[in-house]
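Encoded as structure tokens, the structure appears first; notes follow it.
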Amino acid sequence: MSAQAAGAMATGAVVTGLDLGGTKIAAALFAADGTVLARHTRPTPARDGAAAVLDALAAAAAEVDPGRLATVLGVAAAGVVDPRSGMVTSATDSISGWAGTALGVGLADRTGLPVACDNDVRATAGPELAALPGGHGSLLFAAVGTGVGGALAVDGRMLHGASGIAGHIGHLPSAEAAGLPCTCGATGHLEVIASGPGITAHYERLTGAPVDRLETVAARAAEGDAAAVRAITTGAAAAGGVLGGLANALGPDRVVVGGGVPRIGALYGDALTAAFTAELMPPLRGLVPEPPLLGHDAAVMGAAALTTTLPLHHPGAHR
């Protein structure tokens, strides 16, 4: 880990960070200076219910810290998470029964440690915000993968919003997605045209032929397949336009675009950047989307850093 990354999450205590996704739980034990002491991963029991997921999170925390060095635990979780109440207020079916889970208290009761919790994308964006100079930076962070998530920070403060909903940029309207049904129940949202499955589905609509995954579409685009090029650039331009409009509203010092979709190559990145810059007002011209500073440890690092910025949920607290 770089010194910059360690400094972005150093907490002054030994901390366990947990990252909960639909398929995998990642855990890391961090020293007081932010360096990684141990790592552990295990599958998420996503079909077994919320109690089984909480049990697996607690088991991961115990496995990564057998000496019980940590005094506090941070967890970054899939779904809409309200860090103040510690509740998962909304979630897709990628984890069965996850909506309505008392994540903070449930995990505190199982581990005996105070717990801070937040949405995984906001947690990942936290160290990116902390790395901005001056302590009062503004950040627009997008994670484009199976879905489209985001985080918004203004003047050094991460925005959470009612029920923890702030940052769900995938559910902003997009002209390119007009009429397409979204997983949230509405229609025409960015996620259904700009996410990996959204781009893949658009290619299928253009060709009438099924395709297995985004990487196949990207490979066909590289070979000159016009429909594949169109599907990728449409999704990228939709994302870039929405991010450009948000940049005008928020005035970020930095715009970060991460997730799996940008890794498919320059065709995607160039189209996103062009659409983004076309939207910018004059004071923001020169601002361009950038990749994340941090690598595979970003989510667990951000989870650990939550313990210094968010409310702690204690064992035995009233729900």
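Each chain in the structure tokens gets a letter, A, B, ..., in the order shown, and its residues are numbered from 1; ligands are numbered from 1 in order too.
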
7 Å contact set for region 235-252 of chain A, only C-alpha atoms, chain neighbours under 6 positions out, as a list in words
Ser138, Leu139, Leu140, Val154, Ser174, Glu176, Leu190, Ile193, Ala194, Ile199, Tyr268, Ala271, Leu272, Thr273, Ala275, Phe276, Thr277, Glu279, Leu280 and Met281 of chain A

Residues within 12 Å of Ala299 (chain A), only C-alpha atoms, excluding chain neighbours under 4 positions, as number ranges by chain
A: 5, 9, 16-21, 25-28, 74-78, 117-128, 143, 258-259, 292, 294-295, 303-306

In terms of the shortest atom-to-atom distance over only C-alpha atoms, which of A:Arg230, A:Arg220, A:His296, A:His314 is closest to Leu206 (chain A)?
A:Arg230

Near Arg213 (chain A), within 12 Å and counting only C-alpha atoms, which residues show up once chain neighbours fewer than 4 positions away are dropped, as a PyMOL selection string?
chain A and resi 145-146+195-204+217-220+228+261+264

Output for the residues just chosen: C-alpha atoms as a CSV table (one decimal), in the first residue's frame:
```csv
chain,number,residue,atom,x,y,z
A,145,GLY,CA,-20.2,-2.5,-13.2
A,146,THR,CA,-23.2,-4.9,-12.8
A,195,SER,CA,-24.1,-0.8,-16.8
A,196,GLY,CA,-22.4,-3.9,-18.0
A,197,PRO,CA,-25.6,-5.9,-18.4
A,198,GLY,CA,-27.2,-2.7,-19.8
A,199,ILE,CA,-24.7,-2.5,-22.6
A,200,THR,CA,-24.9,-6.2,-23.3
A,201,ALA,CA,-28.7,-6.0,-23.5
A,202,HIS,CA,-28.5,-3.1,-25.9
A,203,TYR,CA,-26.3,-5.1,-28.2
A,204,GLU,CA,-28.8,-7.9,-28.1
A,217,VAL,CA,-19.3,-7.3,-26.9
A,218,ALA,CA,-16.0,-5.5,-26.3
A,219,ALA,CA,-14.1,-8.1,-28.3
A,220,ARG,CA,-16.6,-7.8,-31.2
A,228,ALA,CA,-21.0,-3.6,-30.6
A,261,VAL,CA,-17.0,-1.6,-17.2
A,264,ILE,CA,-13.0,-2.8,-21.4
```

Of the listed residues A:His313, A:His40, A:Gly150, A:Asp253, that which approaches Val300 (chain A) most closely, counting only C-alpha atoms:
A:His40

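Computed from the coordinates, the CA of Ser85 (chain A) to CA of Gly104 (chain A) distance equals 7.8 Å.
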
Atomic separation - CA of Leu214 (chain A) relative to CA of Glu290 (chain A), Å:
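Atom-to-atom, CA of Glu290 (chain A) to CA of Leu214 (chain A), that is 21.5 Å.
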
Based on the backbone DSSP call, show me all residues of region 128-289 of chain A assigned alpha helix (DSSP H), as an NGL selection string.
:A and (128-130 or 191-194 or 196-207 or 214-222 or 226-250 or 266-279)

Kindly export the residues of the current selection with C-alpha atoms, as a PDB file, in the first residue's frame.
```
ATOM      1  CA  GLU A 128     -10.478   9.105  -2.595  1.00  0.00           C
ATOM      2  CA  LEU A 129     -12.064  12.095  -0.841  1.00  0.00           C
ATOM      3  CA  ALA A 130      -9.540  12.005   1.997  1.00  0.00           C
ATOM      4  CA  GLU A 191     -28.262   1.911 -15.107  1.00  0.00           C
ATOM      5  CA  VAL A 192     -30.255   0.042 -17.746  1.00  0.00           C
ATOM      6  CA  ILE A 193     -28.181   1.465 -20.607  1.00  0.00           C
ATOM      7  CA  ALA A 194     -24.783   2.189 -19.016  1.00  0.00           C
ATOM      8  CA  GLY A 196     -22.363  -3.941 -18.039  1.00  0.00           C
ATOM      9  CA  PRO A 197     -25.638  -5.878 -18.366  1.00  0.00           C
ATOM     10  CA  GLY A 198     -27.245  -2.746 -19.838  1.00  0.00           C
ATOM     11  CA  ILE A 199     -24.664  -2.469 -22.614  1.00  0.00           C
ATOM     12  CA  THR A 200     -24.927  -6.203 -23.279  1.00  0.00           C
ATOM     13  CA  ALA A 201     -28.733  -6.010 -23.457  1.00  0.00           C
ATOM     14  CA  HIS A 202     -28.518  -3.052 -25.856  1.00  0.00           C
ATOM     15  CA  TYR A 203     -26.265  -5.062 -28.155  1.00  0.00           C
ATOM     16  CA  GLU A 204     -28.838  -7.860 -28.108  1.00  0.00           C
ATOM     17  CA  ARG A 205     -31.601  -5.387 -29.012  1.00  0.00           C
ATOM     18  CA  LEU A 206     -29.529  -4.046 -31.900  1.00  0.00           C
ATOM     19  CA  THR A 207     -28.658  -7.472 -33.304  1.00  0.00           C
ATOM     20  CA  LEU A 214     -19.874  -7.540 -21.828  1.00  0.00           C
ATOM     21  CA  GLU A 215     -16.359  -8.750 -22.638  1.00  0.00           C
ATOM     22  CA  THR A 216     -17.758 -10.522 -25.706  1.00  0.00           C
ATOM     23  CA  VAL A 217     -19.332  -7.277 -26.883  1.00  0.00           C
ATOM     24  CA  ALA A 218     -16.026  -5.485 -26.318  1.00  0.00           C
ATOM     25  CA  ALA A 219     -14.127  -8.126 -28.314  1.00  0.00           C
ATOM     26  CA  ARG A 220     -16.566  -7.782 -31.197  1.00  0.00           C
ATOM     27  CA  ALA A 221     -16.254  -4.006 -31.086  1.00  0.00           C
ATOM     28  CA  ALA A 222     -12.469  -4.356 -31.356  1.00  0.00           C
ATOM     29  CA  ALA A 226     -20.757  -1.753 -35.682  1.00  0.00           C
ATOM     30  CA  ALA A 227     -23.531  -2.852 -33.304  1.00  0.00           C
ATOM     31  CA  ALA A 228     -21.007  -3.614 -30.576  1.00  0.00           C
ATOM     32  CA  VAL A 229     -19.364  -0.217 -31.047  1.00  0.00           C
ATOM     33  CA  ARG A 230     -22.752   1.449 -30.878  1.00  0.00           C
ATOM     34  CA  ALA A 231     -23.833  -0.403 -27.735  1.00  0.00           C
ATOM     35  CA  ILE A 232     -20.621   0.485 -25.888  1.00  0.00           C
ATOM     36  CA  THR A 233     -20.483   4.115 -26.970  1.00  0.00           C
ATOM     37  CA  THR A 234     -24.187   4.636 -26.230  1.00  0.00           C
ATOM     38  CA  GLY A 235     -23.758   3.378 -22.677  1.00  0.00           C
ATOM     39  CA  ALA A 236     -20.579   5.366 -22.200  1.00  0.00           C
ATOM     40  CA  ALA A 237     -22.095   8.570 -23.561  1.00  0.00           C
ATOM     41  CA  ALA A 238     -25.148   8.154 -21.342  1.00  0.00           C
ATOM     42  CA  ALA A 239     -22.902   7.849 -18.287  1.00  0.00           C
ATOM     43  CA  GLY A 240     -20.731  10.766 -19.362  1.00  0.00           C
ATOM     44  CA  GLY A 241     -23.690  13.058 -19.928  1.00  0.00           C
ATOM     45  CA  VAL A 242     -25.197  12.325 -16.522  1.00  0.00           C
ATOM     46  CA  LEU A 243     -21.834  12.803 -14.803  1.00  0.00           C
ATOM     47  CA  GLY A 244     -21.266  16.080 -16.624  1.00  0.00           C
ATOM     48  CA  GLY A 245     -24.613  17.404 -15.463  1.00  0.00           C
ATOM     49  CA  LEU A 246     -23.870  16.326 -11.908  1.00  0.00           C
ATOM     50  CA  ALA A 247     -20.486  18.037 -12.103  1.00  0.00           C
ATOM     51  CA  ASN A 248     -22.219  21.318 -12.962  1.00  0.00           C
ATOM     52  CA  ALA A 249     -24.502  20.878  -9.963  1.00  0.00           C
ATOM     53  CA  LEU A 250     -21.834  19.840  -7.445  1.00  0.00           C
ATOM     54  CA  ALA A 266     -10.451   3.237 -24.697  1.00  0.00           C
ATOM     55  CA  LEU A 267     -13.606   2.996 -26.819  1.00  0.00           C
ATOM     56  CA  TYR A 268     -15.673   3.232 -23.648  1.00  0.00           C
ATOM     57  CA  GLY A 269     -13.468   5.769 -21.868  1.00  0.00           C
ATOM     58  CA  ASP A 270     -13.166   8.122 -24.838  1.00  0.00           C
ATOM     59  CA  ALA A 271     -16.928   8.178 -25.434  1.00  0.00           C
ATOM     60  CA  LEU A 272     -17.632   8.809 -21.751  1.00  0.00           C
ATOM     61  CA  THR A 273     -15.091  11.626 -21.540  1.00  0.00           C
ATOM     62  CA  ALA A 274     -16.382  13.305 -24.698  1.00  0.00           C
ATOM     63  CA  ALA A 275     -19.966  13.307 -23.430  1.00  0.00           C
ATOM     64  CA  PHE A 276     -18.844  14.486 -19.999  1.00  0.00           C
ATOM     65  CA  THR A 277     -16.810  17.440 -21.249  1.00  0.00           C
ATOM     66  CA  ALA A 278     -19.584  18.503 -23.645  1.00  0.00           C
ATOM     67  CA  GLU A 279     -21.840  19.182 -20.651  1.00  0.00           C
TER      68      GLU A 279
END
```

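Going from CA of Gly67 (chain A) over to CA of Ala116 (chain A), you cover 20.9 Å.
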
Mind checking DSSP for region 209-290 of chain A and telling me the strand (DSSP E) residues as a ChimeraX atom specification?
/A:254-258,289-290

Write to file, as a PDB file, in the first residue's frame, the residues of the selection just made, with N, CA, C and O atoms.
```
ATOM      1  N   ARG A 254     -12.632  16.699  -8.298  1.00  0.00           N
ATOM      2  CA  ARG A 254     -12.181  15.488  -8.978  1.00  0.00           C
ATOM      3  C   ARG A 254     -13.383  14.619  -9.301  1.00  0.00           C
ATOM      4  O   ARG A 254     -14.327  14.529  -8.509  1.00  0.00           O
ATOM      5  N   VAL A 255     -13.349  13.998 -10.462  1.00  0.00           N
ATOM      6  CA  VAL A 255     -14.370  13.040 -10.874  1.00  0.00           C
ATOM      7  C   VAL A 255     -13.674  11.706 -11.112  1.00  0.00           C
ATOM      8  O   VAL A 255     -12.695  11.628 -11.861  1.00  0.00           O
ATOM      9  N   VAL A 256     -14.167  10.671 -10.446  1.00  0.00           N
ATOM     10  CA  VAL A 256     -13.560   9.347 -10.520  1.00  0.00           C
ATOM     11  C   VAL A 256     -14.576   8.370 -11.100  1.00  0.00           C
ATOM     12  O   VAL A 256     -15.733   8.336 -10.655  1.00  0.00           O
ATOM     13  N   VAL A 257     -14.151   7.592 -12.076  1.00  0.00           N
ATOM     14  CA  VAL A 257     -15.006   6.551 -12.651  1.00  0.00           C
ATOM     15  C   VAL A 257     -14.276   5.221 -12.505  1.00  0.00           C
ATOM     16  O   VAL A 257     -13.219   5.005 -13.110  1.00  0.00           O
ATOM     17  N   GLY A 258     -14.834   4.351 -11.672  1.00  0.00           N
ATOM     18  CA  GLY A 258     -14.264   3.035 -11.440  1.00  0.00           C
ATOM     19  C   GLY A 258     -15.254   1.949 -11.785  1.00  0.00           C
ATOM     20  O   GLY A 258     -16.268   2.183 -12.439  1.00  0.00           O
ATOM     21  N   PRO A 289     -12.834  12.919 -16.202  1.00  0.00           N
ATOM     22  CA  PRO A 289     -12.940  11.743 -15.334  1.00  0.00           C
ATOM     23  C   PRO A 289     -11.596  11.016 -15.253  1.00  0.00           C
ATOM     24  O   PRO A 289     -10.867  10.906 -16.245  1.00  0.00           O
ATOM     25  N   GLU A 290     -11.290  10.514 -14.056  1.00  0.00           N
ATOM     26  CA  GLU A 290     -10.028   9.820 -13.811  1.00  0.00           C
ATOM     27  C   GLU A 290     -10.302   8.457 -13.189  1.00  0.00           C
ATOM     28  O   GLU A 290     -11.352   8.244 -12.567  1.00  0.00           O
TER      29      GLU A 290
END
```

Of the candidates A:Leu103, A:Leu312, A:Ala50, A:Met301, which one gets nearest to Val88 (chain A) if we count only C-alpha atoms?
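Of the candidates, the smallest distance to Val88 (chain A) is held by A:Leu103.
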
Using only C-alpha atoms, pick whichever of A:Gly149, A:Pro210, A:Gly12, A:Gly100 has the shortest atom-to-atom distance to Ser163 (chain A).
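Closest to Ser163 (chain A), using only C-alpha atoms: A:Gly100.
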
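Remark: for Asp82 (chain A), the closest of the candidate residues A:Leu310, A:Ala58, A:Leu287, A:Val14 is A:Leu310 (distances computed over only C-alpha atoms).
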
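Comparing the minimum interatomic distances between Ala99 (chain A) and each of A:Val148, A:Val80, A:Ala298, A:Ala52, counting only C-alpha atoms, we find that A:Val80 sits nearest.
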